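Data block for my_file.cif (mmCIF, C-alpha atoms):
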```cif
data_model
#
loop_
_atom_site.label_atom_id
_atom_site.label_comp_id
_atom_site.auth_asym_id
_atom_site.auth_seq_id
_atom_site.Cartn_x
_atom_site.Cartn_y
_atom_site.Cartn_z
CA MET A 1 9.35 8.09 31.07
CA SER A 2 11.90 5.26 30.62
CA PRO A 3 11.70 3.13 27.45
CA VAL A 4 10.52 0.15 29.52
CA GLY A 5 7.87 2.28 31.22
CA ALA A 6 6.74 3.65 27.87
CA GLN A 7 6.54 0.14 26.46
CA ASP A 8 4.42 -1.07 29.42
CA ARG A 9 2.15 1.94 29.06
CA PHE A 10 1.78 1.22 25.35
CA VAL A 11 0.86 -2.42 25.97
CA GLU A 12 -1.63 -1.40 28.64
CA ARG A 13 -3.27 1.14 26.33
CA LEU A 14 -3.28 -1.25 23.40
CA ASP A 15 -4.89 -3.93 25.55
CA ARG A 16 -7.59 -1.52 26.67
CA HIS A 17 -8.48 -0.79 23.04
CA ARG A 18 -7.92 -4.26 21.57
CA GLY A 19 -11.51 -4.20 20.33
CA ILE A 20 -10.45 -1.57 17.75
CA LEU A 21 -7.90 -4.01 16.31
CA GLN A 22 -10.54 -6.71 16.13
CA LYS A 23 -13.21 -4.52 14.53
CA ILE A 24 -10.97 -2.91 11.94
CA SER A 25 -9.37 -6.19 10.90
CA SER A 26 -12.85 -7.74 10.54
CA ALA A 27 -14.08 -4.81 8.47
CA TYR A 28 -11.11 -4.76 6.09
CA CYS A 29 -10.28 -8.42 5.68
CA SER A 30 -12.57 -11.40 5.30
CA GLU A 31 -10.19 -14.32 5.83
CA PRO A 32 -8.80 -15.20 9.30
CA ALA A 33 -5.10 -15.41 8.28
CA GLY A 34 -5.37 -12.06 6.52
CA ARG A 35 -6.99 -10.53 9.60
CA GLU A 36 -4.14 -11.69 11.80
CA ASP A 37 -1.60 -10.39 9.30
CA LEU A 38 -3.41 -7.04 9.23
CA ARG A 39 -3.55 -6.85 13.06
CA GLN A 40 0.18 -7.46 13.24
CA GLU A 41 0.86 -4.83 10.60
CA ILE A 42 -1.28 -2.32 12.51
CA VAL A 43 0.53 -3.05 15.78
CA VAL A 44 3.92 -2.68 14.08
CA GLN A 45 2.92 0.78 12.84
CA LEU A 46 1.52 1.68 16.27
CA LEU A 47 4.81 0.64 17.89
CA ARG A 48 6.73 2.63 15.31
CA GLY A 49 4.65 5.76 15.77
CA TYR A 50 4.19 5.59 19.56
CA PRO A 51 7.31 7.64 20.44
CA ARG A 52 5.68 10.54 18.56
CA PHE A 53 2.27 10.06 20.16
CA ASP A 54 0.92 13.38 21.39
CA GLU A 55 -0.47 12.85 24.90
CA ARG A 56 -2.98 15.66 24.37
CA MET A 57 -4.80 13.38 21.94
CA ALA A 58 -6.93 10.44 23.09
CA PHE A 59 -5.02 7.19 22.56
CA SER A 60 -8.06 5.62 20.87
CA THR A 61 -8.28 8.50 18.35
CA TRP A 62 -4.59 8.16 17.51
CA MET A 63 -4.92 4.38 17.33
CA TYR A 64 -7.90 4.67 14.98
CA ARG A 65 -5.93 6.96 12.66
CA VAL A 66 -2.97 4.62 12.42
CA ALA A 67 -5.10 1.49 12.23
CA LEU A 68 -7.37 2.87 9.51
CA ASN A 69 -4.45 4.08 7.42
CA VAL A 70 -2.77 0.68 7.63
CA ALA A 71 -6.03 -1.22 7.03
CA ILE A 72 -7.04 0.84 3.99
CA SER A 73 -3.57 0.46 2.44
CA TYR A 74 -3.67 -3.26 3.22
CA ALA A 75 -7.13 -3.71 1.68
CA ARG A 76 -6.10 -1.83 -1.48
CA ARG A 77 -2.96 -3.91 -1.81
CA ARG A 78 -4.93 -7.14 -1.41
CA ARG A 79 -7.58 -5.97 -3.88
CA ARG A 80 -4.89 -5.32 -6.49
CA THR A 81 -2.77 -8.40 -6.01
CA ASP A 82 -5.53 -10.82 -4.98
CA ALA A 83 -2.93 -12.28 -2.63
CA ARG A 84 -3.72 -14.87 0.02
CA VAL A 85 -1.98 -14.86 3.38
CA GLU A 86 -1.06 -18.01 5.21
CA LEU A 87 0.27 -17.35 8.66
CA ALA A 88 1.97 -20.05 10.61
CA GLU A 89 2.60 -17.66 13.49
CA PRO A 90 0.45 -17.51 16.62
CA GLY A 91 -2.20 -14.80 16.75
CA LEU A 92 -1.77 -11.42 18.36
CA ILE A 93 -5.29 -11.56 19.73
CA GLU A 94 -6.45 -14.80 21.26
CA THR A 95 -9.72 -16.02 22.59
CA LEU A 96 -9.55 -16.63 26.32
CA SER A 97 -9.40 -20.35 26.97
CA ALA A 98 -11.83 -20.03 29.85
CA SER A 99 -14.42 -18.52 27.53
CA PRO A 100 -16.57 -20.64 25.32
CA ALA A 101 -15.91 -20.34 21.58
CA PRO A 102 -17.31 -17.01 20.42
CA PRO A 103 -20.83 -17.59 19.18
CA PRO A 104 -21.37 -16.00 15.77
CA ASP A 105 -23.57 -12.99 16.34
CA GLU A 106 -25.87 -12.77 13.35
CA ARG A 107 -26.56 -9.09 13.87
CA ILE A 108 -22.85 -8.24 13.93
CA GLU A 109 -22.34 -10.33 10.80
CA ARG A 110 -25.11 -8.33 9.11
CA ILE A 111 -23.47 -5.07 10.12
CA LEU A 112 -20.13 -6.28 8.76
CA ALA A 113 -21.81 -7.41 5.54
CA PHE A 114 -23.23 -3.91 5.09
CA VAL A 115 -19.95 -2.21 6.06
CA ASN A 116 -18.03 -4.40 3.61
CA LYS A 117 -20.17 -3.14 0.73
CA LEU A 118 -18.83 0.38 1.26
CA ASP A 119 -15.59 1.60 -0.29
CA GLU A 120 -12.55 1.72 1.99
CA LEU A 121 -12.92 5.38 3.08
CA ASN A 122 -16.67 5.24 3.70
CA ARG A 123 -16.03 2.02 5.63
CA ALA A 124 -13.65 3.96 7.90
CA LEU A 125 -16.29 6.65 8.41
CA MET A 126 -18.91 4.02 9.21
CA LEU A 127 -16.67 2.24 11.74
CA LEU A 128 -16.07 5.50 13.58
CA TYR A 129 -19.75 6.38 13.49
CA LEU A 130 -20.73 2.95 14.81
CA ASP A 131 -18.20 3.35 17.62
CA ASP A 132 -20.09 6.50 18.62
CA TYR A 133 -17.38 9.00 17.78
CA PRO A 134 -18.71 12.57 17.53
CA HIS A 135 -18.65 14.17 14.09
CA ALA A 136 -15.84 16.54 15.08
CA GLU A 137 -13.59 13.67 16.08
CA ILE A 138 -14.43 11.65 12.97
CA ALA A 139 -13.48 14.74 10.97
CA THR A 140 -10.15 14.97 12.84
CA ILE A 141 -9.30 11.31 12.29
CA LEU A 142 -10.22 11.29 8.61
CA GLY A 143 -9.06 14.82 7.78
CA ILE A 144 -12.34 16.07 6.30
CA THR A 145 -14.76 18.77 7.46
CA LYS A 146 -17.49 18.18 10.02
CA SER A 147 -20.19 19.08 7.50
CA ASN A 148 -18.73 16.54 5.08
CA VAL A 149 -18.94 13.89 7.80
CA ALA A 150 -22.62 14.71 8.39
CA THR A 151 -23.40 14.61 4.65
CA LYS A 152 -21.69 11.27 4.18
CA ILE A 153 -23.39 9.69 7.21
CA SER A 154 -26.74 10.86 5.89
CA ARG A 155 -25.95 9.23 2.52
CA ILE A 156 -24.95 6.00 4.23
CA LYS A 157 -28.25 6.05 6.15
CA ASP A 158 -30.15 6.39 2.88
CA ARG A 159 -28.14 3.58 1.39
CA LEU A 160 -28.87 1.36 4.38
CA LYS A 161 -32.60 2.06 4.06
CA ARG A 162 -32.49 1.10 0.36
CA ASP A 163 -30.43 -1.96 1.22
CA VAL A 164 -32.94 -3.11 3.85
CA ALA A 165 -35.88 -2.37 1.56
CA ALA A 166 -34.30 -4.37 -1.26
CA ARG A 167 -33.56 -7.40 0.95
CA PRO A 168 -36.05 -10.22 0.43
CA THR A 169 -38.10 -10.97 3.54
CA THR A 170 -37.72 -14.49 4.91
CA MET B 1 -32.96 -1.56 10.47
CA GLU B 2 -31.82 2.01 11.12
CA LEU B 3 -28.20 3.12 11.42
CA ASP B 4 -28.75 4.04 15.08
CA GLU B 5 -29.90 0.50 15.83
CA LEU B 6 -26.74 -0.84 14.19
CA LYS B 7 -24.72 1.50 16.34
CA ALA B 8 -26.31 0.19 19.55
CA ILE B 9 -25.62 -3.43 18.55
CA TRP B 10 -22.07 -2.61 17.50
CA THR B 11 -21.25 -0.71 20.69
CA GLY B 12 -22.72 -3.52 22.76
CA ASP B 13 -20.33 -5.91 21.04
CA ASP B 14 -17.41 -4.08 22.72
CA HIS B 15 -18.19 -5.68 26.06
CA ARG B 16 -18.46 -9.11 24.46
CA LEU B 17 -15.05 -8.66 22.78
CA GLU B 18 -13.47 -7.43 26.01
CA ARG B 19 -14.64 -10.50 27.87
CA MET B 20 -13.52 -12.99 25.25
CA LEU B 21 -10.29 -11.62 23.84
CA ARG B 22 -6.86 -10.80 25.12
CA LEU B 23 -3.63 -9.60 23.61
CA ASN B 24 -1.00 -12.29 23.22
CA ALA B 25 1.89 -10.74 25.13
CA GLU B 26 4.47 -13.10 23.61
CA VAL B 27 3.52 -12.18 20.02
CA LEU B 28 3.51 -8.51 20.97
CA ARG B 29 6.99 -8.84 22.49
CA GLN B 30 8.31 -10.53 19.32
CA LEU B 31 6.72 -7.84 17.20
CA SER B 32 8.37 -5.08 19.19
CA VAL B 33 11.76 -6.79 18.85
CA ARG B 34 11.56 -7.05 15.08
CA ARG B 35 9.43 -3.95 14.54
CA SER B 36 11.97 -1.90 12.59
CA GLY B 37 12.65 -4.66 10.11
CA ARG B 38 9.01 -5.40 9.54
CA SER B 39 7.80 -1.83 9.41
CA LEU B 40 10.34 -0.92 6.78
CA ARG B 41 9.88 -4.14 4.81
CA PRO B 42 7.85 -2.59 1.98
CA PHE B 43 10.29 0.32 1.78
CA PHE B 44 13.40 -1.81 1.63
CA GLY B 45 11.80 -4.41 -0.63
CA GLY B 46 14.35 -4.21 -3.41
CA THR B 47 14.55 -0.40 -3.42
CA ILE B 48 17.94 -0.16 -1.73
CA LEU B 49 19.38 -2.89 -3.96
CA GLU B 50 17.96 -1.11 -7.01
CA LEU B 51 19.54 2.19 -5.94
CA VAL B 52 22.94 0.60 -5.23
CA LEU B 53 23.03 -1.24 -8.57
CA ASP B 54 21.86 1.83 -10.43
CA PHE B 55 24.44 4.01 -8.73
CA ALA B 56 27.20 1.50 -9.58
CA GLY B 57 25.97 1.56 -13.19
CA ILE B 58 26.10 5.38 -13.27
CA LEU B 59 29.69 5.32 -11.99
CA LEU B 60 30.75 2.76 -14.60
CA ILE B 61 29.03 4.63 -17.43
CA GLY B 62 30.47 7.93 -16.20
CA SER B 63 33.95 6.46 -16.12
CA PHE B 64 33.49 5.05 -19.63
CA ALA B 65 32.18 8.41 -20.93
CA ALA B 66 35.15 10.25 -19.40
CA ASP B 67 37.55 7.83 -21.07
CA HIS B 68 35.88 8.30 -24.46
CA TYR B 69 34.82 11.95 -24.40
CA ALA B 70 36.83 12.63 -27.58
CA GLU B 71 35.18 9.74 -29.45
CA PRO B 72 31.55 10.65 -30.20
CA ALA B 73 30.80 7.12 -31.49
CA PHE B 74 31.27 5.85 -27.90
CA PHE B 75 30.62 9.01 -25.92
CA VAL B 76 27.08 9.58 -27.29
CA PRO B 77 25.79 6.03 -26.48
CA ALA B 78 27.36 6.35 -23.00
CA LEU B 79 25.64 9.72 -22.57
CA LEU B 80 22.26 8.21 -23.51
CA LEU B 81 22.75 5.30 -21.11
CA GLY B 82 23.94 7.64 -18.37
CA ALA B 83 20.90 9.89 -18.77
CA TYR B 84 18.62 6.83 -18.61
CA ALA B 85 20.35 5.48 -15.47
CA ILE B 86 20.34 8.90 -13.74
CA ALA B 87 16.63 9.38 -14.52
CA ILE B 88 15.85 5.97 -12.98
CA PHE B 89 18.03 6.66 -9.93
CA ALA B 90 16.43 10.06 -9.32
CA ALA B 91 12.89 8.71 -9.69
CA VAL B 92 13.49 5.72 -7.38
CA LEU B 93 15.30 7.83 -4.77
CA ASN B 94 12.57 10.46 -4.84
CA GLN B 95 9.87 7.84 -4.29
CA ALA B 96 11.83 6.07 -1.55
CA VAL B 97 12.30 9.34 0.36
CA ALA B 98 8.61 10.25 -0.05
CA LEU B 99 7.52 6.79 1.13
CA ALA B 100 9.84 6.88 4.15
CA ALA B 101 8.34 10.25 5.14
CA ILE B 102 4.80 8.84 5.33
CA ARG B 103 3.49 8.85 8.90
CA TYR B 104 0.45 6.70 9.48
CA ASP B 105 -0.75 8.83 12.38
CA GLU B 106 -1.72 11.71 10.11
CA PRO B 107 -5.33 12.19 8.90
CA VAL B 108 -6.54 9.24 6.84
CA VAL B 109 -7.59 11.09 3.68
CA ALA B 110 -4.28 12.99 3.45
CA ILE B 111 -2.17 9.86 3.92
CA GLN B 112 -4.23 7.77 1.52
CA GLY B 113 -4.04 10.54 -1.08
CA ARG B 114 -0.25 10.72 -0.72
CA LEU B 115 0.13 6.96 -0.90
CA GLU B 116 -2.03 6.76 -4.01
CA ALA B 117 -0.17 9.67 -5.66
CA LEU B 118 3.07 7.83 -4.90
CA ARG B 119 1.66 4.70 -6.47
CA VAL B 120 0.76 6.64 -9.62
CA ARG B 121 4.33 7.97 -9.78
CA ARG B 122 5.82 4.53 -9.20
CA ILE B 123 3.74 3.02 -12.01
CA GLN B 124 4.66 5.86 -14.36
CA THR B 125 8.35 5.33 -13.53
CA THR B 126 8.13 1.56 -14.11
CA LEU B 127 6.29 2.17 -17.36
CA GLY B 128 8.96 4.63 -18.48
CA ILE B 129 11.78 2.24 -17.55
CA LEU B 130 10.15 -0.68 -19.35
CA LEU B 131 9.22 1.22 -22.48
CA PHE B 132 12.58 2.96 -22.90
CA ALA B 133 14.60 -0.18 -22.14
CA PRO B 134 14.45 -1.63 -25.70
CA LEU B 135 15.80 1.68 -27.07
CA MET B 136 18.81 1.37 -24.78
CA TRP B 137 19.77 -2.02 -26.14
CA VAL B 138 22.06 -0.76 -28.94
CA PRO B 139 23.88 1.90 -26.85
CA LEU B 140 24.30 -0.71 -24.09
CA ALA B 141 25.76 -3.25 -26.53
CA ILE B 142 28.22 -0.64 -27.88
CA VAL B 143 29.33 0.48 -24.40
CA VAL B 144 29.58 -3.02 -22.89
CA ALA B 145 31.46 -4.44 -25.89
CA ARG B 146 33.98 -1.60 -25.73
CA GLY B 147 34.16 -1.15 -21.98
CA PHE B 148 34.33 -4.79 -20.86
CA PHE B 149 35.78 -6.61 -23.88
CA GLY B 150 37.65 -3.87 -25.74
CA VAL B 151 35.62 -4.67 -28.86
CA ASP B 152 34.58 -1.92 -31.27
CA LEU B 153 31.07 -2.96 -32.27
CA TYR B 154 31.11 -0.48 -35.18
CA LEU B 155 33.90 -2.53 -36.76
CA VAL B 156 32.68 -6.01 -35.77
CA ALA B 157 29.00 -5.61 -36.59
CA ASN B 158 27.93 -4.04 -39.84
CA PRO B 159 25.88 -0.82 -39.75
CA GLY B 160 22.82 -2.75 -40.95
CA TRP B 161 22.97 -4.96 -37.85
CA LEU B 162 23.10 -1.93 -35.56
CA ALA B 163 20.27 -0.20 -37.44
CA ALA B 164 18.15 -3.38 -37.39
CA ASN B 165 18.62 -3.68 -33.62
CA GLY B 166 17.66 -0.06 -33.15
CA LEU B 167 14.49 -0.59 -35.20
CA PHE B 168 13.78 -3.81 -33.33
CA GLY B 169 13.96 -1.85 -30.09
CA LEU B 170 11.40 0.61 -31.46
CA ALA B 171 9.12 -2.19 -32.66
CA VAL B 172 9.25 -3.98 -29.30
CA ILE B 173 7.48 -1.09 -27.53
CA PRO B 174 4.08 -1.27 -29.32
CA ALA B 175 4.38 -5.07 -29.48
CA ALA B 176 4.85 -5.26 -25.69
CA ILE B 177 1.83 -3.02 -25.13
CA PHE B 178 -0.28 -5.16 -27.50
CA VAL B 179 0.77 -8.44 -25.85
CA ALA B 180 0.19 -7.02 -22.35
CA ARG B 181 -3.30 -5.79 -23.28
CA ARG B 182 -4.26 -8.94 -25.14
CA PHE B 183 -2.86 -11.66 -22.86
CA GLY B 184 -2.24 -9.97 -19.48
CA PRO B 185 -5.71 -10.70 -18.04
CA HIS B 186 -5.20 -14.43 -18.77
CA LEU B 187 -2.09 -14.67 -16.59
CA ARG B 188 -4.07 -15.95 -13.61
CA GLU B 189 -1.36 -18.31 -12.37
CA SER B 190 1.36 -15.69 -12.15
CA SER B 191 0.54 -12.66 -10.04
CA LEU B 192 3.94 -11.11 -10.88
CA GLY B 193 3.41 -11.64 -14.61
CA ARG B 194 -0.09 -10.20 -14.41
CA ALA B 195 1.12 -7.19 -12.42
CA LEU B 196 3.82 -6.52 -15.02
CA ALA B 197 1.35 -6.92 -17.88
CA ASP B 198 -1.13 -4.60 -16.12
CA GLU B 199 1.57 -1.96 -15.74
CA ILE B 200 2.69 -2.16 -19.39
CA ALA B 201 -0.90 -2.15 -20.63
CA GLY B 202 -1.70 0.90 -18.48
CA ARG B 203 -4.39 -0.91 -16.45
CA SER B 204 -2.57 -0.39 -13.13
CA LEU B 205 -2.13 3.30 -13.86
CA ALA B 206 -5.81 3.68 -14.74
CA ALA B 207 -6.84 1.87 -11.52
CA ALA B 208 -4.48 4.00 -9.41
CA LEU B 209 -5.81 7.20 -11.01
CA ASP B 210 -9.38 6.03 -10.33
CA ASP B 211 -8.52 5.42 -6.67
CA LEU B 212 -6.84 8.82 -6.44
CA ALA B 213 -9.93 10.47 -7.94
CA ALA B 214 -12.16 8.56 -5.46
CA ILE B 215 -10.08 9.91 -2.55
CA GLY B 216 -10.43 13.42 -3.99
CA ARG B 217 -14.23 13.02 -4.24
CA PHE B 218 -14.38 11.70 -0.66
CA ALA B 219 -12.39 14.68 0.61
CA ALA B 220 -14.54 17.18 -1.29
CA ASP B 221 -17.44 18.65 0.65
CA GLY B 222 -20.98 17.60 -0.14
#
```
Write-out of the structure in structure tokens:
Amino acid sequence: MSPVGAQDRFVERLDRHRGILQKISSAYCSEPAGREDLRQEIVVQLLRGYPRFDERMAFSTWMYRVALNVAISYARRRRRTDARVELAEPGLIETLSASPAPPPDERIERILAFVNKLDELNRALMLLYLDDYPHAEIATILGITKSNVATKISRIKDRLKRDVAARPTT
Amino acid sequence: MELDELKAIWTGDDHRLERMLRLNAEVLRQLSVRRSGRSLRPFFGGTILELVLDFAGILLIGSFAADHYAEPAFFVPALLLGAYAIAIFAAVLNQAVALAAIRYDEPVVAIQGRLEALRVRRIQTTLGILLFAPLMWVPLAIVVARGFFGVDLYLVANPGWLAANGLFGLAVIPAAIFVARRFGPHLRESSLGRALADEIAGRSLAAALDDLAAIGRFAADG
């Protein structure tokens, strides 16, 4: 495939899975400028790695691997330096002008609040689980065994139950 | 709320995102144009300059040592400086090569483990450079005075001055650790100052080792 053709194919695939960019940046960064910075960093690494992309693998699986690696490194770096990002550049992902402003979904915010309490690696596991990835594929993306995935999901379930039980009723 | 309920809500959000969001093609095009520069930004951030300067220093010291190999009073300080510079060069080069070899499309736990191990090595190297630097002050003064100005510091400065500087260099090391431990956490205004203090005090190393251990625990079964 010509470089231009490969580039078009990349953009098309990236566009189809843009939700992954949005979800991972929301899970690993709380401030909007930081999220945009993280999305751009993820896309740069995706662009860099795309020539080596193995077509036998699902694009979304490969994209998750790259995106999670970049996001976890980014979150660690921010945690250590406590740095703030101020981007003057336009965003990589924009809200369609024809659509109304995205209404804040309280349930999604609650999920993100729970996900954000987890450490960076368990957060990655949780994102994959929530996106309905089978255990075998989660194991492939993270590089751990399938039984380890099952154990950790079971622990997260227990933690969620405790979290819900501990929350004051309104 | 059960985890499976969360999953249903989360998956349902995909359709909402698809309807509302789109990729900004112009930003993507700009990113692809400058991708190499940006993707290598952390790698090139000062590392290449550090290697070039260090290499130039090794050449100068080597040339000085060759010129004075028959004069132990100058050859030995040059040898110490040369060993210090070569150790720094080797450590920085080793880390730069390891960092450049990182591929983000490999399994997450393996990559995060390698990145964290690299961070531990980088902190140890910085710590070594900083803590040995005061000891290099006297050899550096002897070599620079002779090499650049033709001055024999053994004749100009009395032995007491040289010995006092050597002792001062030794005393600076525990003093720097004390100051970094005592005052580092208060350097809120200067992130660079706090980072340096954290490295000297060993806090950064402890945090990196904790993170590395956490990755190991995550990877372990059960």
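Atom CA of B:Ala25 is positioned 17.2 Å from atom CA of A:Leu38.
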Practice prompt. May I have the protein, DNA and RNA residues with an atom at most 9 Å from (-0.8, -0.8, 7.1), counting only C-alpha atoms in the file's coordinates, returned as number ranges by chain?
Written response: A: 38-39, 41-42, 44-45, 66-75; B: 39, 104
Worksheet item: Restricting the calculation to only C-alpha atoms, which member of A:Pro134, A:Gly5, A:Gly19, A:Pro32 is positioned closest to chain B?
Response: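 Nearest candidate to chain B out of A:Pro134, A:Gly5, A:Gly19, A:Pro32: A:Gly19.
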Fill in: Selection result for the PyMOL selection byres ((chain A) within 7 of (chain B)) on this file, as an MDAnalysis selection string
chainID A and resid 15 19 44:45 47 62 65:66 68:69 81 92:96 99 108 111 130:131 140:144 148 151 157 164
Worksheet item: For A:Val43, which residue out of A:Thr61, A:Ser30, A:Gln22, A:Asn116 is the nearest one, using all atoms listed in the file?
Response: A:Gln22
Worksheet entry | Exercise: residues within 6 Å of coordinate (21.2, 6.3, -7.1), counting all atoms listed in the file, as a ChimeraX atom specification | /B:51,54-55,89
Discussion item. At a cut-off of 10 Å, using only C-alpha atoms, what residues contact A:Ala6? Leave out same-chain residues fewer than 5 positions from it and give the result as a list in words.
Written reply: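 Contacts, in chain order: Met1, Val11, Glu12, Tyr50 and Pro51 of chain A.
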Discussion item. Restricting the calculation to all atoms listed in the file: of B:Leu53, B:Leu209, B:Leu99, B:Leu80, which residue gets closest to B:Pro139?
Written reply: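 Comparing B:Leu53, B:Leu209, B:Leu99, B:Leu80 against B:Pro139, the winner is B:Leu80.
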Specify the axis-aligned box that encloses all atoms of stretch 127-137 of chain A listed in the file after padding of 3 Å on each side, stating its centre and edge lengths in Å to one decimal as lines of an AutoDock Vina configuration file.
```
center_x = -17.2
center_y = 9.4
center_z = 15.2
size_x = 13.1
size_y = 20.3
size_z = 12.9
```
Discussion item. Applying the PyMOL selection byres ((chain B and resi 86) around 12) to the file I just gave you, which residues come out? Please list them as a count of residues only.
Written reply: 27
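Computed from the coordinates, the atom CA of B:Ile102 to atom CA of B:Val120 distance equals 15.6 Å.
A straight line drawn from atom CA of A:Ile156 to atom CA of A:Met126 is 8.1 Å long.
Among the candidate residues A:Ser26, A:Gln7, A:Ser60, A:Asn122, the one lying nearest to A:Arg159 is A:Asn122, with distances computed using all atoms listed in the file.
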Discussion item. Evaluated on this file, the PyMOL selection byres ((chain B and resi 75) around 12) picks out some residues - which ones are they, written as a ChimeraX atom specification?
Written reply: /B:61-74,76-82,139-140,142-143,146-147
Item to complete: Have a look at B:Leu127, B:Leu135, B:Leu212, B:Ala145 and name the one nearest to B:Leu196; count all atoms listed in the file.
Response: B:Leu127
Rebuild N, CA and C atoms on stretch 26-41 of chain A, as a PDB file, keeping the file's coordinate frame?
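Wrote selection20.pdb, looks like this:
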```pdb
ATOM      1  N   SER A  26     -11.660  -7.042  11.062  1.00  0.00           N
ATOM      2  CA  SER A  26     -12.850  -7.740  10.540  1.00  0.00           C
ATOM      3  C   SER A  26     -13.482  -6.956   9.395  1.00  0.00           C
ATOM      4  N   ALA A  27     -13.431  -5.638   9.497  1.00  0.00           N
ATOM      5  CA  ALA A  27     -14.080  -4.810   8.470  1.00  0.00           C
ATOM      6  C   ALA A  27     -13.265  -4.742   7.190  1.00  0.00           C
ATOM      7  N   TYR A  28     -11.951  -4.930   7.285  1.00  0.00           N
ATOM      8  CA  TYR A  28     -11.110  -4.760   6.090  1.00  0.00           C
ATOM      9  C   TYR A  28     -10.551  -6.058   5.536  1.00  0.00           C
ATOM     10  N   CYS A  29     -10.809  -7.159   6.208  1.00  0.00           N
ATOM     11  CA  CYS A  29     -10.280  -8.420   5.680  1.00  0.00           C
ATOM     12  C   CYS A  29     -11.239  -9.555   6.042  1.00  0.00           C
ATOM     13  N   SER A  30     -11.555 -10.368   5.052  1.00  0.00           N
ATOM     14  CA  SER A  30     -12.570 -11.400   5.300  1.00  0.00           C
ATOM     15  C   SER A  30     -11.971 -12.729   5.762  1.00  0.00           C
ATOM     16  N   GLU A  31     -10.721 -13.000   5.445  1.00  0.00           N
ATOM     17  CA  GLU A  31     -10.190 -14.320   5.830  1.00  0.00           C
ATOM     18  C   GLU A  31      -9.349 -14.232   7.123  1.00  0.00           C
ATOM     19  N   PRO A  32      -9.436 -15.257   7.976  1.00  0.00           N
ATOM     20  CA  PRO A  32      -8.800 -15.200   9.300  1.00  0.00           C
ATOM     21  C   PRO A  32      -7.281 -14.937   9.245  1.00  0.00           C
ATOM     22  N   ALA A  33      -6.559 -15.606   8.334  1.00  0.00           N
ATOM     23  CA  ALA A  33      -5.100 -15.410   8.280  1.00  0.00           C
ATOM     24  C   ALA A  33      -4.768 -13.971   7.884  1.00  0.00           C
ATOM     25  N   GLY A  34      -5.560 -13.440   6.951  1.00  0.00           N
ATOM     26  CA  GLY A  34      -5.370 -12.060   6.520  1.00  0.00           C
ATOM     27  C   GLY A  34      -5.635 -11.090   7.660  1.00  0.00           C
ATOM     28  N   ARG A  35      -6.672 -11.403   8.463  1.00  0.00           N
ATOM     29  CA  ARG A  35      -6.990 -10.530   9.600  1.00  0.00           C
ATOM     30  C   ARG A  35      -5.838 -10.479  10.588  1.00  0.00           C
ATOM     31  N   GLU A  36      -5.256 -11.645  10.855  1.00  0.00           N
ATOM     32  CA  GLU A  36      -4.140 -11.690  11.800  1.00  0.00           C
ATOM     33  C   GLU A  36      -2.952 -10.914  11.239  1.00  0.00           C
ATOM     34  N   ASP A  37      -2.699 -11.099   9.948  1.00  0.00           N
ATOM     35  CA  ASP A  37      -1.600 -10.390   9.300  1.00  0.00           C
ATOM     36  C   ASP A  37      -1.821  -8.869   9.403  1.00  0.00           C
ATOM     37  N   LEU A  38      -3.069  -8.463   9.153  1.00  0.00           N
ATOM     38  CA  LEU A  38      -3.410  -7.040   9.230  1.00  0.00           C
ATOM     39  C   LEU A  38      -3.234  -6.516  10.665  1.00  0.00           C
ATOM     40  N   ARG A  39      -3.698  -7.292  11.659  1.00  0.00           N
ATOM     41  CA  ARG A  39      -3.550  -6.850  13.060  1.00  0.00           C
ATOM     42  C   ARG A  39      -2.079  -6.643  13.404  1.00  0.00           C
ATOM     43  N   GLN A  40      -1.251  -7.579  12.930  1.00  0.00           N
ATOM     44  CA  GLN A  40       0.180  -7.460  13.240  1.00  0.00           C
ATOM     45  C   GLN A  40       0.787  -6.231  12.550  1.00  0.00           C
ATOM     46  N   GLU A  41       0.325  -5.996  11.323  1.00  0.00           N
ATOM     47  CA  GLU A  41       0.860  -4.830  10.600  1.00  0.00           C
ATOM     48  C   GLU A  41       0.435  -3.528  11.304  1.00  0.00           C
TER      49      GLU A  41
END
```
